[in-house]
>>> print(open('my_file.txt').read())   # compact mmCIF, C-alpha atoms
# COMPACT_ATOMS: atom_id res chain seq x y z
CA LEU E 71 0.00 0.00 0.00
CA VAL E 72 1.53 3.29 -1.13
CA TYR E 73 0.05 6.56 0.13
CA GLU E 74 1.13 9.93 -1.27
CA HIS E 75 -0.62 12.70 0.63
CA VAL E 76 -1.20 15.36 -2.04
CA SER E 77 -2.48 13.13 -4.84
CA GLY E 78 -3.77 10.38 -2.58
CA GLY E 79 -6.71 12.17 -1.00
CA GLY E 80 -5.06 14.24 1.71
CA CYS E 81 -6.09 17.42 -0.12
CA THR E 82 -9.57 16.28 -1.19
CA GLY E 83 -11.95 19.22 -1.18
CA GLN E 84 -9.09 21.72 -1.33
CA GLY E 85 -7.30 23.47 -4.15
CA ILE E 86 -3.94 21.93 -5.03
CA SER E 87 -1.13 23.86 -6.64
CA PRO E 88 -0.05 22.36 -9.98
CA SER E 89 3.57 22.09 -8.81
CA ALA E 90 2.69 20.21 -5.62
CA LEU E 91 0.31 17.90 -7.50
CA SER E 92 2.88 17.19 -10.22
CA GLU E 93 5.59 16.45 -7.68
CA GLY E 94 3.36 14.29 -5.49
CA PHE E 95 1.82 12.28 -8.31
CA GLY E 96 5.24 11.88 -9.92
CA MET E 97 6.67 10.38 -6.74
CA LEU E 98 3.65 8.11 -6.41
CA ARG E 99 4.03 6.78 -9.96
CA CYS E 100 7.77 6.18 -9.49
CA LEU E 101 7.23 4.25 -6.27
CA VAL E 102 4.49 2.14 -7.83
CA GLU E 103 6.78 1.27 -10.74
CA ASP E 104 9.64 0.37 -8.38
CA PHE E 105 7.48 -1.88 -6.23
CA LYS E 106 5.95 -3.52 -9.30
CA ALA E 107 9.42 -4.12 -10.73
CA GLY E 108 10.22 -5.91 -7.47
CA GLY E 109 7.35 -8.32 -8.06
CA ASN E 110 4.85 -6.76 -5.65
CA GLU E 111 1.15 -6.09 -5.99
CA VAL E 112 0.48 -2.43 -5.25
CA THR E 113 -2.55 -0.57 -3.92
CA VAL E 114 -2.81 3.23 -3.94
CA LEU E 115 -5.27 5.82 -2.70
CA LEU E 116 -6.07 8.56 -5.22
CA ASP E 117 -7.95 11.84 -5.01
CA GLU E 118 -11.19 11.24 -6.94
CA ARG E 119 -10.49 14.29 -9.09
CA LEU E 120 -7.48 12.41 -10.40
CA SER E 121 -8.92 8.91 -10.43
CA LYS E 122 -11.84 9.91 -12.66
CA LEU E 123 -9.33 11.08 -15.27
CA ASN E 124 -7.89 7.57 -15.42
CA PRO E 125 -4.26 8.78 -15.15
CA PRO E 126 -1.35 6.51 -16.12
CA MET E 127 -0.83 4.37 -13.03
CA ASN E 128 0.47 0.80 -12.95
CA ALA E 129 -1.11 -0.05 -9.58
CA ASP E 130 -3.12 -3.24 -9.12
CA ARG E 131 -5.78 -1.44 -7.08
CA ILE E 132 -6.71 2.24 -7.11
CA VAL E 133 -9.02 3.42 -4.33
CA PRO E 134 -10.65 6.82 -5.01
CA ILE E 135 -10.98 9.22 -2.08
CA PHE E 136 -14.02 11.53 -2.24
CA TYR E 137 -13.98 13.19 1.19
CA PRO E 138 -11.17 14.37 3.51
CA TYR E 139 -12.24 12.15 6.42
CA GLU E 140 -11.99 9.02 4.25
CA THR E 141 -8.21 9.04 3.95
CA GLU E 142 -7.27 7.69 7.37
CA LYS E 143 -10.23 5.29 7.47
CA PHE E 144 -9.40 3.77 4.09
CA LEU E 145 -5.71 3.62 4.89
CA SER E 146 -6.43 1.58 8.02
CA ASN E 147 -8.97 -0.71 6.36
CA ILE E 148 -7.00 -1.38 3.18
CA ALA E 149 -3.90 -2.13 5.22
CA LYS E 150 -5.63 -5.34 6.30
CA ILE E 151 -5.17 -6.83 2.83
CA ASN E 152 -1.61 -5.57 2.33
CA ASP E 153 1.69 -6.69 3.83
CA ALA E 154 3.44 -3.33 3.97
CA ILE E 155 2.76 0.41 3.84
CA TYR E 156 4.85 3.28 2.54
CA VAL E 157 3.81 6.88 3.26
CA LEU E 158 4.83 10.02 1.39
CA ALA E 159 3.64 13.19 3.13
CA PRO E 160 4.89 16.66 4.13
CA GLU E 161 6.39 17.13 7.57
CA THR E 162 4.31 20.28 8.15
CA GLY E 163 1.69 20.06 10.87
CA GLN E 164 3.04 16.59 11.84
CA THR E 165 1.31 15.16 8.75
CA LEU E 166 4.04 12.65 7.93
CA GLN E 167 4.45 11.65 11.56
CA SER E 168 0.72 11.10 12.10
CA PHE E 169 0.28 8.95 8.99
CA VAL E 170 3.33 6.85 9.81
CA GLU E 171 1.93 6.37 13.33
CA LEU E 172 -1.31 5.22 11.71
CA ALA E 173 0.64 2.79 9.52
CA GLU E 174 2.45 1.42 12.57
CA GLN E 175 -0.83 0.93 14.40
CA THR E 176 -2.13 -1.36 11.66
CA GLY E 177 0.44 -3.98 12.68
CA LYS E 178 1.69 -4.28 9.10
CA ASN E 179 5.25 -3.51 8.01
CA SER E 180 5.86 0.23 7.83
CA LEU E 181 8.59 1.00 5.29
CA ASN E 182 9.16 4.52 6.61
CA CYS E 183 11.49 5.61 9.37
CA GLU E 184 9.88 5.04 12.76
CA SER E 185 7.47 7.79 13.77
CA HIS E 186 9.46 8.71 16.89
CA ALA E 187 12.50 9.37 14.66
CA ILE E 188 10.40 11.57 12.36
CA LYS E 189 9.23 13.51 15.42
CA LYS E 190 12.84 14.29 16.29
CA VAL E 191 13.77 15.70 12.89
CA ALA E 192 10.60 17.10 11.28
CA ASP E 193 10.45 20.10 13.62
CA LYS E 194 13.72 22.00 13.23
CA THR E 195 13.53 23.43 16.76
CA VAL E 196 13.31 19.89 18.19
CA LEU E 197 16.11 18.76 15.87
CA PHE E 198 18.26 21.66 17.05
CA ASN E 199 17.88 20.56 20.68
CA VAL E 200 18.66 16.93 19.77
CA LEU E 201 21.79 17.98 17.87
CA LYS E 202 22.79 20.36 20.64
CA LYS E 203 22.81 17.49 23.13
CA LEU E 204 25.06 15.58 20.73
CA GLY E 205 27.38 18.57 20.39
CA VAL E 206 26.99 18.88 16.62
CA SER E 207 24.54 21.74 16.11
CA PRO E 208 25.40 24.89 14.13
CA LYS E 209 24.94 28.28 15.74
CA THR E 210 21.14 28.59 15.80
CA VAL E 211 18.57 30.95 17.28
CA ILE E 212 14.94 29.91 17.76
CA LEU E 213 12.47 32.75 17.20
CA SER E 214 8.71 33.28 17.01
CA VAL E 215 6.58 35.09 14.45
CA ASP E 216 4.54 36.44 17.38
CA ASP E 217 7.54 38.46 18.58
CA ASP E 218 7.90 42.11 17.59
CA LEU E 219 10.24 42.65 14.67
CA SER E 220 12.41 44.84 16.91
CA LYS E 221 12.82 41.95 19.37
CA ILE E 222 13.70 39.55 16.55
CA LYS E 223 16.29 42.01 15.22
CA GLU E 224 17.81 42.49 18.66
CA THR E 225 18.04 38.75 19.35
CA ILE E 226 19.71 38.11 16.00
CA LYS E 227 22.11 41.02 16.52
CA LYS E 228 23.24 39.51 19.84
CA GLU E 229 23.66 35.94 18.61
CA LEU E 230 24.43 35.94 14.87
CA VAL E 231 25.99 37.90 12.03
CA TYR E 232 24.71 38.56 8.53
CA PRO E 233 24.28 36.94 6.06
CA LEU E 234 22.09 34.32 7.69
CA VAL E 235 19.35 31.85 6.78
CA LEU E 236 15.79 31.98 8.09
CA LYS E 237 13.48 28.97 7.82
CA PRO E 238 10.23 27.83 9.44
CA ALA E 239 10.42 25.15 12.11
CA ASP E 240 8.38 22.67 10.10
CA GLY E 241 9.02 23.79 6.54
CA VAL E 242 9.06 21.30 3.67
CA GLY E 243 11.90 21.49 1.18
CA CYS E 244 12.80 25.15 0.80
CA GLY E 245 9.32 26.46 1.68
CA GLY E 246 9.60 29.71 3.62
CA LEU E 247 13.40 29.67 3.49
CA SER E 248 15.28 32.95 2.92
CA LEU E 249 18.87 34.05 2.67
CA VAL E 250 19.02 37.36 4.56
CA ASN E 251 22.03 39.45 3.62
CA GLU E 252 21.11 42.56 5.60
CA GLU E 253 18.82 43.50 8.47
CA ILE E 254 16.64 45.57 6.14
CA HIS E 255 15.46 42.32 4.48
CA LEU E 256 14.45 40.68 7.74
CA ALA E 257 10.81 41.85 7.76
CA GLY E 258 10.16 40.40 4.31
CA SER E 259 11.70 37.07 5.28
CA VAL E 260 9.54 36.81 8.41
CA SER E 261 6.45 37.61 6.32
CA LYS E 262 7.44 34.85 3.90
CA ILE E 263 7.58 32.37 6.78
CA CYS E 264 4.12 33.45 7.97
CA ALA E 265 2.72 32.99 4.46
CA GLU E 266 4.27 29.58 3.78
CA SER E 267 4.11 27.84 7.17
CA THR E 268 1.59 27.30 9.95
CA SER E 269 4.36 27.02 12.52
CA LYS E 270 4.80 29.91 14.96
CA ASN E 271 8.48 29.12 15.43
CA PHE E 272 11.30 29.67 13.00
CA ILE E 273 15.04 29.47 13.20
CA ALA E 274 17.92 31.69 12.15
CA GLN E 275 21.36 30.30 11.39
>>> encode(input="my_file.txt", output="structure tokens")
Amino acid sequence: LVYEHVSGGGCTGQGISPSALSEGFGMLRCLVEDFKAGGNEVTVLLDERLSKLNPPMNADRIVPIFYPYETEKFLSNIAKINDAIYVLAPETGQTLQSFVELAEQTGKNSLNCESHAIKKVADKTVLFNVLKKLGVSPKTVILSVDDDLSKIKETIKKELVYPLVLKPADGVGCGGLSLVNEEIHLAGSVSKICAESTSKNFIAQ
């Protein structure tokens, strides 16, 4: 059972950006082909807006998802007739972690990293503290979008030097990431984080 969050029903009822849909569906197709090449039967969940278009997909079973609440229910039920589950999902909002936890609870083989490991690395503020204990963390400041810009500037001035990198605590890929060369660009970078992440925390390095 292969579940890709964007194309697999996790965004049912919502608008999906063409880039995210293309990337998600592309990863899903590649994984299906790899598992099929290994001699496996493959089941996938698919957003009904995609499934009704009959897209090129070499899966043995395609389960259309019509409503947002169906995703987790179908994932749990379909797992009963599969030996293993692989989840592709964004780390934002603990999405990847929660779906891997669901996969683990089915009692079938989860092919992802263990959910407790994902918890340690998906949130960059948590990862920073883990690395700090191991003595391998880069110079990092944890900040909040709820703080006044003047406070953010002052904290950075005390701890870091420009240029620096700002990124949301739970960003995916390069979402919300900025290279800040001068303090004058700080406000725009914080606004970018607010627009591209639901996390209140962000880090500067």
>>> residues_near_point(input="my_file.txt", point="(-9.0, 10.7, 12.8)", cutoff="12 Å", atoms="all atoms listed in the file", output="mmCIF file with C-alpha atoms, keeping the file's coordinate frame")
data_model
loop_
_atom_site.group_PDB
_atom_site.id
_atom_site.type_symbol
_atom_site.label_atom_id
_atom_site.label_comp_id
_atom_site.auth_asym_id
_atom_site.auth_seq_id
_atom_site.Cartn_x
_atom_site.Cartn_y
_atom_site.Cartn_z
ATOM 1 C CA PRO E 138 -11.170 14.370 3.510
ATOM 2 C CA TYR E 139 -12.240 12.150 6.420
ATOM 3 C CA GLU E 140 -11.990 9.020 4.250
ATOM 4 C CA THR E 141 -8.210 9.040 3.950
ATOM 5 C CA GLU E 142 -7.270 7.690 7.370
ATOM 6 C CA LYS E 143 -10.230 5.290 7.470
ATOM 7 C CA PHE E 144 -9.400 3.770 4.090
ATOM 8 C CA LEU E 145 -5.710 3.620 4.890
ATOM 9 C CA SER E 146 -6.430 1.580 8.020
ATOM 10 C CA THR E 165 1.310 15.160 8.750
ATOM 11 C CA SER E 168 0.720 11.100 12.100
ATOM 12 C CA PHE E 169 0.280 8.950 8.990
ATOM 13 C CA GLU E 171 1.930 6.370 13.330
ATOM 14 C CA LEU E 172 -1.310 5.220 11.710
#
>>> closest_residue(input="my_file.txt", among="E:Asp104, E:Ile135, E:Ser92, E:Leu98", to="E:Gly80", atoms="all atoms listed in the file")
E:Ile135
>>> closest_residue(input="my_file.txt", among="E:Glu111, E:Asp217, E:Glu253, E:Glu118", to="E:Arg131", atoms="only C-alpha atoms")
E:Glu111
>>> closest_residue(input="my_file.txt", among="E:Lys228, E:Lys223, E:Lys237, E:Lys190", to="E:Leu256", atoms="all atoms listed in the file")
E:Lys223
>>> closest_residue(input="my_file.txt", among="E:Phe136, E:Ala107, E:Pro126, E:Val215", to="E:Cys81", atoms="only C-alpha atoms")
E:Phe136
>>> atom_distance(input="my_file.txt", atom1="atom CA of E:Asn128", atom2="atom CA of E:Gly94")
15.7 Å
>>> residues_around(input="my_file.txt", residues="E:Leu230", least_positions_apart="5", cutoff="9 Å", atoms="all atoms listed in the file", output="PyMOL selection string")
chain E and resi 209-211+225+274-275
>>> write_last_selection(input="my_file.txt", atoms="C-alpha atoms", output="tab-separated table (two decimals), keeping the file's coordinate frame")
chain	number	residue	atom	x	y	z
E	209	LYS	CA	24.94	28.28	15.74
E	210	THR	CA	21.14	28.59	15.80
E	211	VAL	CA	18.57	30.95	17.28
E	225	THR	CA	18.04	38.75	19.35
E	274	ALA	CA	17.92	31.69	12.15
E	275	GLN	CA	21.36	30.30	11.39
>>> atom_distance(input="my_file.txt", atom1="atom CA of E:Leu213", atom2="atom CA of E:Phe272")
5.3 Å
>>> closest_residue(input="my_file.txt", among="E:Lys270, E:Ala265, E:Lys227, E:Leu181", to="E:Val157", atoms="only C-alpha atoms")
E:Leu181
>>> closest_residue(input="my_file.txt", among="E:Asp216, E:His75, E:Ala187, E:Glu174", to="E:Val200", atoms="all atoms listed in the file")
E:Ala187
>>> residues_around(input="my_file.txt", residues="stretch 258-264 of chain E", least_positions_apart="3", cutoff="9 Å", atoms="all atoms listed in the file", output="PDB file with C-alpha atoms, in the frame of the given file")
ATOM      1  CA  VAL E 215       6.580  35.090  14.450  1.00  0.00           C
ATOM      2  CA  LEU E 219      10.240  42.650  14.670  1.00  0.00           C
ATOM      3  CA  LEU E 236      15.790  31.980   8.090  1.00  0.00           C
ATOM      4  CA  LYS E 237      13.480  28.970   7.820  1.00  0.00           C
ATOM      5  CA  PRO E 238      10.230  27.830   9.440  1.00  0.00           C
ATOM      6  CA  GLY E 241       9.020  23.790   6.540  1.00  0.00           C
ATOM      7  CA  GLY E 245       9.320  26.460   1.680  1.00  0.00           C
ATOM      8  CA  GLY E 246       9.600  29.710   3.620  1.00  0.00           C
ATOM      9  CA  LEU E 247      13.400  29.670   3.490  1.00  0.00           C
ATOM     10  CA  SER E 248      15.280  32.950   2.920  1.00  0.00           C
ATOM     11  CA  LEU E 249      18.870  34.050   2.670  1.00  0.00           C
ATOM     12  CA  VAL E 250      19.020  37.360   4.560  1.00  0.00           C
ATOM     13  CA  ILE E 254      16.640  45.570   6.140  1.00  0.00           C
ATOM     14  CA  HIS E 255      15.460  42.320   4.480  1.00  0.00           C
ATOM     15  CA  SER E 267       4.110  27.840   7.170  1.00  0.00           C
ATOM     16  CA  THR E 268       1.590  27.300   9.950  1.00  0.00           C
ATOM     17  CA  SER E 269       4.360  27.020  12.520  1.00  0.00           C
ATOM     18  CA  LYS E 270       4.800  29.910  14.960  1.00  0.00           C
ATOM     19  CA  PHE E 272      11.300  29.670  13.000  1.00  0.00           C
TER      20      PHE E 272
END
>>> atom_distance(input="my_file.txt", atom1="atom CA of E:Val231", atom2="atom CA of E:Cys244")
21.5 Å
>>> residues_around(input="my_file.txt", residues="E:Val133", least_positions_apart="5", cutoff="8 Å", atoms="only C-alpha atoms", output="number ranges by chain")
E: 113-116
